[in-house]
file model.txt (compact mmCIF, C-alpha atoms and all ligand atoms)
# COMPACT_ATOMS: atom_id res chain seq x y z
CA MET A 1 184.79 62.56 188.94
CA ARG A 2 185.54 59.51 191.02
CA LYS A 3 183.69 56.34 190.14
CA LYS A 4 181.12 55.09 192.62
CA LEU A 5 181.77 51.78 194.36
CA VAL A 6 178.97 50.34 196.47
CA VAL A 7 179.75 47.41 198.78
CA LEU A 8 176.90 45.40 200.33
CA THR A 9 178.16 43.49 203.36
CA GLY A 10 176.79 40.83 205.66
CA ALA A 11 177.90 38.84 208.67
CA GLY A 12 180.71 37.10 206.72
CA MET A 13 182.46 40.47 206.47
CA SER A 14 183.04 40.44 210.23
CA ALA A 15 183.64 36.68 210.59
CA GLU A 16 187.43 37.08 210.42
CA SER A 17 187.17 39.59 213.28
CA GLY A 18 185.65 36.85 215.43
CA ILE A 19 181.96 37.78 215.23
CA SER A 20 179.69 34.80 214.51
CA THR A 21 177.62 34.71 211.35
CA PHE A 22 173.92 33.85 211.68
CA ARG A 23 173.24 30.89 209.41
CA ASP A 24 176.55 29.01 209.14
CA ALA A 25 176.97 25.89 211.31
CA GLY A 26 177.34 27.09 214.91
CA GLY A 27 175.92 30.48 213.86
CA LEU A 28 174.08 32.82 216.18
CA TRP A 29 170.58 31.67 215.19
CA GLU A 30 171.49 28.08 216.11
CA ARG A 31 172.35 29.19 219.65
CA TYR A 32 169.60 31.79 220.19
CA PRO A 33 166.12 31.35 218.70
CA VAL A 34 165.61 34.21 216.28
CA GLU A 35 161.92 34.59 217.34
CA GLN A 36 163.08 35.24 220.90
CA VAL A 37 165.80 37.82 220.33
CA ALA A 38 165.13 39.40 216.94
CA THR A 39 161.40 40.02 216.67
CA PRO A 40 159.10 42.65 218.23
CA GLU A 41 156.99 39.76 219.62
CA GLY A 42 160.02 38.25 221.37
CA TYR A 43 160.81 41.65 222.87
CA ALA A 44 157.23 42.14 224.05
CA ARG A 45 157.30 38.69 225.70
CA ASP A 46 160.65 39.00 227.47
CA PRO A 47 162.31 42.40 227.11
CA GLU A 48 164.90 41.61 229.76
CA LEU A 49 166.24 38.61 227.84
CA VAL A 50 166.42 40.62 224.60
CA ILE A 51 168.16 43.55 226.27
CA ARG A 52 170.67 41.15 227.84
CA PHE A 53 171.31 39.47 224.47
CA TYR A 54 172.19 42.80 222.83
CA ASN A 55 174.22 43.90 225.88
CA GLU A 56 176.36 40.82 225.28
CA ARG A 57 176.70 41.57 221.55
CA ARG A 58 177.64 45.17 222.39
CA LYS A 59 180.21 44.06 224.95
CA GLN A 60 181.77 41.82 222.30
CA LEU A 61 182.51 44.94 220.21
CA LEU A 62 185.08 45.91 222.81
CA ASP A 63 187.03 42.69 222.18
CA VAL A 64 187.06 42.67 218.39
CA LYS A 65 188.66 44.86 215.77
CA PRO A 66 188.25 45.45 212.04
CA ASN A 67 189.92 42.83 209.84
CA HIS A 68 192.01 43.29 206.72
CA GLY A 69 188.87 43.14 204.53
CA HIS A 70 187.31 46.12 206.33
CA GLU A 71 190.60 47.98 205.97
CA VAL A 72 190.84 47.32 202.22
CA ILE A 73 187.31 48.68 201.73
CA ALA A 74 188.16 51.82 203.73
CA GLY A 75 191.46 52.22 201.83
CA LEU A 76 189.64 52.19 198.48
CA GLU A 77 188.29 55.65 199.38
CA GLN A 78 191.67 56.93 198.17
CA PHE A 79 190.69 55.97 194.64
CA MET A 80 186.91 55.75 194.45
CA ASP A 81 183.74 57.21 195.95
CA VAL A 82 182.90 54.28 198.24
CA THR A 83 179.62 53.68 200.05
CA VAL A 84 179.17 50.66 202.29
CA VAL A 85 175.64 49.32 202.68
CA THR A 86 175.78 46.89 205.55
CA GLN A 87 173.39 44.45 207.17
CA ASN A 88 175.80 44.27 210.09
CA VAL A 89 175.01 46.01 213.34
CA ASP A 90 178.65 46.17 214.46
CA ASN A 91 180.77 49.30 213.95
CA LEU A 92 183.78 47.67 212.29
CA HIS A 93 183.46 49.47 208.94
CA GLU A 94 183.51 52.84 210.70
CA ARG A 95 186.39 51.80 212.93
CA ALA A 96 188.37 50.74 209.84
CA GLY A 97 187.91 54.26 208.46
CA SER A 98 184.97 53.97 206.05
CA THR A 99 183.27 57.36 206.01
CA LYS A 100 180.00 56.51 204.23
CA VAL A 101 178.20 53.59 205.86
CA ILE A 102 174.46 52.90 205.55
CA HIS A 103 173.25 50.47 208.23
CA LEU A 104 170.19 48.56 207.05
CA HIS A 105 169.55 46.59 210.25
CA GLY A 106 170.42 49.19 212.87
CA GLU A 107 173.46 49.78 215.04
CA LEU A 108 174.50 47.95 218.19
CA THR A 109 176.06 51.07 219.71
CA LYS A 110 172.72 52.91 219.63
CA VAL A 111 169.53 52.68 221.65
CA CYS A 112 166.10 54.10 220.99
CA SER A 113 162.53 54.40 222.21
CA SER A 114 160.47 51.21 222.54
CA ARG A 115 157.39 53.21 221.52
CA ASP A 116 158.83 54.47 218.23
CA PRO A 117 162.29 53.09 217.42
CA ASN A 118 162.74 55.51 214.52
CA ASP A 119 161.91 58.70 216.39
CA ALA A 120 165.24 60.48 215.85
CA ARG A 121 164.80 62.54 219.04
CA TYR A 122 165.31 59.46 221.17
CA ILE A 123 168.03 57.62 219.26
CA LYS A 124 171.14 57.78 221.40
CA GLU A 125 174.73 56.61 220.86
CA LEU A 126 176.14 54.76 223.88
CA LYS A 127 179.70 55.40 225.00
CA PRO A 128 181.89 52.26 225.20
CA GLU A 129 182.24 52.70 228.97
CA ALA A 130 178.44 52.67 229.31
CA TYR A 131 177.43 49.93 226.89
CA GLU A 132 175.05 48.14 229.27
CA VAL A 133 171.33 48.88 229.09
CA LYS A 134 169.19 47.96 232.10
CA MET A 135 165.48 47.44 232.57
CA GLY A 136 164.16 50.80 233.76
CA ASP A 137 166.56 52.87 231.60
CA LEU A 138 164.16 55.17 229.80
CA ALA A 139 164.10 57.00 226.47
CA GLY A 140 163.07 60.68 226.41
CA ASP A 141 159.43 59.68 225.81
CA GLY A 142 159.32 57.62 229.01
CA SER A 143 159.43 54.20 227.31
CA GLN A 144 162.05 51.53 227.99
CA LEU A 145 165.28 52.09 226.03
CA ARG A 146 165.63 49.31 223.48
CA PRO A 147 168.41 48.26 221.13
CA PHE A 148 168.42 50.26 217.87
CA ILE A 149 168.12 47.09 215.82
CA VAL A 150 165.73 46.36 212.97
CA TRP A 151 164.02 43.14 213.97
CA PHE A 152 162.25 40.70 211.68
CA GLY A 153 158.86 42.06 210.72
CA GLU A 154 159.90 45.69 211.24
CA PRO A 155 160.30 48.22 208.43
CA VAL A 156 163.81 48.89 207.10
CA PRO A 157 163.90 52.70 206.94
CA ASN A 158 167.28 52.92 205.16
CA ILE A 159 166.32 50.65 202.28
CA GLU A 160 165.27 53.56 200.05
CA VAL A 161 168.49 55.51 200.40
CA ALA A 162 170.39 52.23 199.92
CA ALA A 163 168.47 51.45 196.71
CA GLU A 164 169.22 54.94 195.33
CA THR A 165 172.89 54.48 196.16
CA VAL A 166 172.99 51.10 194.40
CA MET A 167 171.29 52.56 191.32
CA ALA A 168 174.07 55.15 191.05
CA ALA A 169 176.90 52.58 191.40
CA ASP A 170 179.59 52.17 188.73
CA CYS A 171 180.62 48.93 190.42
CA PHE A 172 178.74 46.82 192.96
CA VAL A 173 180.25 44.29 195.34
CA VAL A 174 178.60 41.83 197.71
CA VAL A 175 180.69 40.46 200.60
CA GLY A 176 179.79 37.78 203.14
CA THR A 177 176.02 37.58 203.00
CA SER A 178 173.87 34.52 202.35
CA LEU A 179 171.34 36.84 200.63
CA ASN A 180 168.58 35.15 202.62
CA VAL A 181 167.07 38.30 204.09
CA TYR A 182 164.93 40.78 202.20
CA PRO A 183 164.73 43.63 201.40
CA ALA A 184 168.56 43.72 201.65
CA ALA A 185 169.04 40.86 199.15
CA GLY A 186 166.73 42.63 196.70
CA LEU A 187 169.23 45.49 196.37
CA LEU A 188 170.91 43.42 193.66
CA HIS A 189 167.93 44.18 191.45
CA TYR A 190 168.78 47.91 191.60
CA VAL A 191 172.20 47.49 189.98
CA ARG A 192 171.97 49.19 186.57
CA PRO A 193 172.18 46.72 183.66
CA GLY A 194 175.76 46.33 182.46
CA THR A 195 177.29 47.52 185.75
CA PRO A 196 180.09 45.16 186.87
CA ALA A 197 179.07 43.26 190.01
CA TYR A 198 181.20 40.92 192.14
CA LEU A 199 180.37 38.54 194.97
CA ILE A 200 182.95 37.53 197.58
CA ASP A 201 182.11 34.53 199.75
CA PRO A 202 183.99 31.30 200.56
CA ASN A 203 180.75 29.35 200.18
CA GLU A 204 178.19 29.06 197.43
CA VAL A 205 175.55 31.79 197.53
CA VAL A 206 172.36 31.71 195.50
CA VAL A 207 171.87 35.12 193.89
CA PRO A 208 168.35 36.37 193.10
CA SER A 209 167.31 35.27 189.61
CA GLY A 210 168.28 37.57 186.79
CA CYS A 211 171.26 39.05 188.68
CA ARG A 212 174.72 38.57 187.18
CA VAL A 213 177.77 38.59 189.42
CA THR A 214 181.38 37.52 189.06
CA VAL A 215 182.07 35.21 191.99
CA ILE A 216 185.32 35.43 193.96
CA ARG A 217 185.13 32.33 196.12
CA LYS A 218 187.29 33.49 199.00
CA GLY A 219 186.99 34.89 202.50
CA ALA A 220 186.49 38.63 202.97
CA SER A 221 190.16 39.59 203.44
CA GLU A 222 191.64 37.55 200.60
CA GLY A 223 188.67 38.30 198.38
CA MET A 224 188.92 42.06 198.96
CA ASP A 225 192.65 41.95 198.13
CA GLU A 226 191.80 40.27 194.83
CA LEU A 227 189.02 42.76 194.10
CA ARG A 228 191.29 45.71 194.90
CA GLU A 229 193.72 44.52 192.24
CA ILE A 230 190.88 44.18 189.73
CA LEU A 231 189.57 47.69 190.47
CA LEU A 232 192.91 49.46 190.49
CA GLY A 233 193.93 47.75 187.25
CA ASP A 234 190.80 48.76 185.35
CA LYS A 235 190.52 52.21 183.72
CA ARG A 236 186.72 52.02 183.96
CA PHE A 237 187.03 52.38 187.75
CA VAL A 238 190.26 54.21 188.51
CA GLN A 239 191.80 56.79 186.15
P1 LIG B 301 174.37 34.86 207.20
O1 LIG B 301 174.86 34.19 208.44
O2 LIG B 301 173.05 34.45 206.66
O3 LIG B 301 175.43 34.63 206.02
C1 LIG B 301 176.81 34.79 206.23
C2 LIG B 301 177.55 34.62 204.93
O4 LIG B 301 178.93 34.85 205.20
C3 LIG B 301 177.45 33.19 204.33
O5 LIG B 301 177.17 33.30 202.95
C4 LIG B 301 178.85 32.62 204.57
O6 LIG B 301 179.24 31.71 203.55
C5 LIG B 301 179.70 33.88 204.51
N1 LIG B 301 181.00 33.79 205.18
C6 LIG B 301 181.41 33.00 206.20
N2 LIG B 301 182.69 33.24 206.51
C7 LIG B 301 183.12 34.23 205.68
C8 LIG B 301 184.37 34.93 205.51
N3 LIG B 301 185.44 34.67 206.24
N4 LIG B 301 184.43 35.89 204.55
C9 LIG B 301 183.35 36.16 203.76
N5 LIG B 301 182.16 35.53 203.89
C10 LIG B 301 182.05 34.58 204.83
O7 LIG B 301 174.45 36.44 207.46
P2 LIG B 301 173.77 37.64 206.67
O8 LIG B 301 173.57 37.31 205.24
O9 LIG B 301 174.53 38.86 207.01
O10 LIG B 301 169.47 40.41 210.50
O11 LIG B 301 172.37 37.72 207.37
C11 LIG B 301 171.50 38.75 207.04
C12 LIG B 301 170.68 39.18 208.22
O12 LIG B 301 170.07 38.04 208.82
C13 LIG B 301 171.47 39.78 209.37
O13 LIG B 301 171.72 41.17 209.18
C14 LIG B 301 170.61 39.54 210.55
C15 LIG B 301 170.24 38.10 210.25
O14 LIG B 301 169.11 37.61 210.80
C16 LIG B 301 168.89 40.84 211.63
O15 LIG B 301 169.32 40.59 212.74
C17 LIG B 301 167.68 41.66 211.39

call {"tool": "encode", "arguments": {"input": "model.txt", "output": "structure tokens"}}
result
Amino acid sequence: MRKKLVVLTGAGMSAESGISTFRDAGGLWERYPVEQVATPEGYARDPELVIRFYNERRKQLLDVKPNHGHEVIAGLEQFMDVTVVTQNVDNLHERAGSTKVIHLHGELTKVCSSRDPNDARYIKELKPEAYEVKMGDLAGDGSQLRPFIVWFGEPVPNIEVAAETVMAADCFVVVGTSLNVYPAAGLLHYVRPGTPAYLIDPNEVVVPSGCRVTVIRKGASEGMDELREILLGDKRFVQ
């Protein structure tokens, strides 16, 4: 049976594709107050501004493409059973060819009901030619269509399936996340003791206490190349 590789990714994974991270200098949260565009309260106060913000993010997807790091992760499916758990709302893992992607913080390409964002009946995938949402566009329950994004203070419905996936991992890798946001950062605690874990980031990242990782201090593309060599050269992972 193929060994299970679980890769937890954050904004740094998509940085080399040209999508801003959140907390680095010049990051998204420096330019747009997080309370305004990424909380239910901000949305209640000014839905038009929030819808416009995510329209812009969605439009940006048309101009970017997966980078080498995304492609290496997708290519590892030839050798291992790979699941990506991502905090990113872009679709670059899927576009690189990854077939198992768990989105913790929602998906930019989808919209949902403002009344109940997780009501599956009203979650809709937008086509690239119709990426713009307008005030007055309604979900099936008559409420305003809103971005299918998990905002601060909202539950993270996929955290349970993500935790189960991490518990089953034979190897765990973290790429491009500052590990500032919970519950995503807490997934490290679900790695079974003794399971090899790696962290790829060009900057120093503080890992939750008690978690052991081998740090590869490189950007996502270079770091994934190095990790690929490690995995393919180790009989514990690839027979
Ligand atoms: P952050 O912006 O907090 O962290 C980005 C990480 O990427 C940092 O550790 C950087 O050092 C690293 N990085 C920068 N360039 C890189 C590169 N070329 N290759 C690899 N890593 C690089 O982003 P996240 O940790 O993803 O949530 O943030 C988590 C969540 O907070 C996001 O999903 C978002 C945000 O608020 C919501 O919107 C709900």

call {"tool": "residues_near_ligand", "arguments": {"input": "model.txt", "ligand": "ligand LIG 301 (chain B)", "cutoff": "7 Å", "atoms": "all atoms listed in the file", "output": "VMD selection string"}}
result
chain A and resid 9 to 13 15 to 16 21 to 24 27 38 87 to 88 105 150 to 152 175 to 181 200 to 205 218 to 221

call {"tool": "residues_around", "arguments": {"input": "model.txt", "residues": "Leu138 (chain A)", "least_positions_apart": "3", "cutoff": "12 Å", "atoms": "all atoms listed in the file", "output": "PyMOL selection string"}}
result
chain A and resi 111-115+122-124+133-135+141-147

call {"tool": "residues_around", "arguments": {"input": "model.txt", "residues": "Tyr182 (chain A)", "least_positions_apart": "3", "cutoff": "10 Å", "atoms": "all atoms listed in the file", "output": "MDAnalysis selection string"}}
result
chainID A and resid 152 156 159 179 185:187

call {"tool": "atom_distance", "arguments": {"input": "model.txt", "atom1": "CA of Glu94 (chain A)", "atom2": "CA of Lys4 (chain A)"}}
result
18.4 Å

call {"tool": "residues_around", "arguments": {"input": "model.txt", "residues": "region 229-234 of chain A", "least_positions_apart": "6", "cutoff": "12 Å", "atoms": "only C-alpha atoms", "output": "list in words"}}
result
Lys3, Lys4, Leu5, Val72, Ile73, Gly75, Leu76, Glu77, Gln78, Phe79, Met80, Asp170, Cys171, Phe172, Val173, Pro196, Ala197, Tyr198, Thr214, Ile216, Glu222 and Gly223 of chain A

call {"tool": "residues_around", "arguments": {"input": "model.txt", "residues": "Glu129 (chain A)", "least_positions_apart": "4", "cutoff": "12 Å", "atoms": "all atoms listed in the file", "output": "list in words"}}
result
Arg58, Lys59, Leu61, Leu62, Thr109, Glu125 and Val133 of chain A

call {"tool": "closest_residue", "arguments": {"input": "model.txt", "among": "A:Met1, A:Leu199, A:Ala96, A:Met167", "to": "Val215 (chain A)", "atoms": "only C-alpha atoms"}}
result
A:Leu199

call {"tool": "closest_residue", "arguments": {"input": "model.txt", "among": "A:Gly26, A:Gly97, A:Pro128, A:Pro33", "to": "His70 (chain A)", "atoms": "only C-alpha atoms"}}
result
A:Gly97

call {"tool": "residues_around", "arguments": {"input": "model.txt", "residues": "Val85 (chain A)", "least_positions_apart": "6", "cutoff": "9 Å", "atoms": "all atoms listed in the file", "output": "PyMOL selection string"}}
result
chain A and resi 6-9+100-104+162+165-166

call {"tool": "atom_distance", "arguments": {"input": "model.txt", "atom1": "CA of Asp81 (chain A)", "atom2": "CA of Gly18 (chain A)"}}
result
28.2 Å

call {"tool": "build_atoms", "arguments": {"input": "model.txt", "residues": "region 173-198 of chain A", "atoms": "N, CA and C atoms", "output": "mmCIF file, in the frame of the given file"}}
result
data_model
loop_
_atom_site.group_PDB
_atom_site.id
_atom_site.type_symbol
_atom_site.label_atom_id
_atom_site.label_comp_id
_atom_site.auth_asym_id
_atom_site.auth_seq_id
_atom_site.Cartn_x
_atom_site.Cartn_y
_atom_site.Cartn_z
ATOM 1 N N VAL A 173 179.587 45.461 194.765
ATOM 2 C CA VAL A 173 180.250 44.290 195.340
ATOM 3 C C VAL A 173 179.447 43.772 196.524
ATOM 4 N N VAL A 174 179.296 42.467 196.602
ATOM 5 C CA VAL A 174 178.600 41.830 197.710
ATOM 6 C C VAL A 174 179.638 41.022 198.485
ATOM 7 N N VAL A 175 179.698 41.212 199.803
ATOM 8 C CA VAL A 175 180.690 40.460 200.600
ATOM 9 C C VAL A 175 180.022 39.813 201.811
ATOM 10 N N GLY A 176 180.130 38.475 201.907
ATOM 11 C CA GLY A 176 179.790 37.780 203.140
ATOM 12 C C GLY A 176 178.336 37.849 203.563
ATOM 13 N N THR A 177 177.437 37.691 202.610
ATOM 14 C CA THR A 177 176.020 37.580 203.000
ATOM 15 C C THR A 177 175.385 36.409 202.254
ATOM 16 N N SER A 178 174.532 35.666 202.972
ATOM 17 C CA SER A 178 173.870 34.520 202.350
ATOM 18 C C SER A 178 172.724 34.977 201.442
ATOM 19 N N LEU A 179 172.424 36.257 201.434
ATOM 20 C CA LEU A 179 171.340 36.840 200.630
ATOM 21 C C LEU A 179 169.996 36.150 200.929
ATOM 22 N N ASN A 180 169.829 35.789 202.193
ATOM 23 C CA ASN A 180 168.580 35.150 202.620
ATOM 24 C C ASN A 180 167.527 36.157 203.062
ATOM 25 N N VAL A 181 167.990 37.364 203.424
ATOM 26 C CA VAL A 181 167.070 38.300 204.090
ATOM 27 C C VAL A 181 166.723 39.469 203.158
ATOM 28 N N TYR A 182 165.429 39.664 202.999
ATOM 29 C CA TYR A 182 164.930 40.780 202.200
ATOM 30 C C TYR A 182 164.453 41.883 203.139
ATOM 31 N N PRO A 183 164.471 43.137 202.755
ATOM 32 C CA PRO A 183 164.730 43.630 201.400
ATOM 33 C C PRO A 183 166.205 43.765 201.025
ATOM 34 N N ALA A 184 167.140 43.501 201.964
ATOM 35 C CA ALA A 184 168.560 43.720 201.650
ATOM 36 C C ALA A 184 168.979 42.962 200.378
ATOM 37 N N ALA A 185 168.606 41.675 200.289
ATOM 38 C CA ALA A 185 169.040 40.860 199.150
ATOM 39 C C ALA A 185 168.505 41.428 197.833
ATOM 40 N N GLY A 186 167.349 42.072 197.898
ATOM 41 C CA GLY A 186 166.730 42.630 196.700
ATOM 42 C C GLY A 186 167.492 43.820 196.135
ATOM 43 N N LEU A 187 168.450 44.347 196.878
ATOM 44 C CA LEU A 187 169.230 45.490 196.370
ATOM 45 C C LEU A 187 169.954 45.129 195.079
ATOM 46 N N LEU A 188 170.246 43.841 194.894
ATOM 47 C CA LEU A 188 170.910 43.420 193.660
ATOM 48 C C LEU A 188 170.098 43.792 192.421
ATOM 49 N N HIS A 189 168.788 43.850 192.596
ATOM 50 C CA HIS A 189 167.930 44.180 191.450
ATOM 51 C C HIS A 189 168.065 45.653 191.037
ATOM 52 N N TYR A 190 168.652 46.474 191.904
ATOM 53 C CA TYR A 190 168.780 47.910 191.600
ATOM 54 C C TYR A 190 170.078 48.234 190.866
ATOM 55 N N VAL A 191 170.953 47.249 190.711
ATOM 56 C CA VAL A 191 172.200 47.490 189.980
ATOM 57 C C VAL A 191 171.824 47.747 188.519
ATOM 58 N N ARG A 192 172.316 48.866 187.956
ATOM 59 C CA ARG A 192 171.970 49.190 186.570
ATOM 60 C C ARG A 192 172.493 48.112 185.627
ATOM 61 N N PRO A 193 171.727 47.757 184.590
ATOM 62 C CA PRO A 193 172.180 46.720 183.660
ATOM 63 C C PRO A 193 173.552 47.079 183.103
ATOM 64 N N GLY A 194 174.423 46.100 183.017
ATOM 65 C CA GLY A 194 175.760 46.330 182.460
ATOM 66 C C GLY A 194 176.787 46.784 183.494
ATOM 67 N N THR A 195 176.344 47.089 184.714
ATOM 68 C CA THR A 195 177.290 47.520 185.750
ATOM 69 C C THR A 195 178.022 46.285 186.291
ATOM 70 N N PRO A 196 179.360 46.331 186.334
ATOM 71 C CA PRO A 196 180.090 45.160 186.870
ATOM 72 C C PRO A 196 179.708 44.898 188.327
ATOM 73 N N ALA A 197 179.429 43.629 188.637
ATOM 74 C CA ALA A 197 179.070 43.260 190.010
ATOM 75 C C ALA A 197 179.877 42.022 190.406
ATOM 76 N N TYR A 198 180.372 42.018 191.629
ATOM 77 C CA TYR A 198 181.200 40.920 192.140
ATOM 78 C C TYR A 198 180.593 40.395 193.421
#
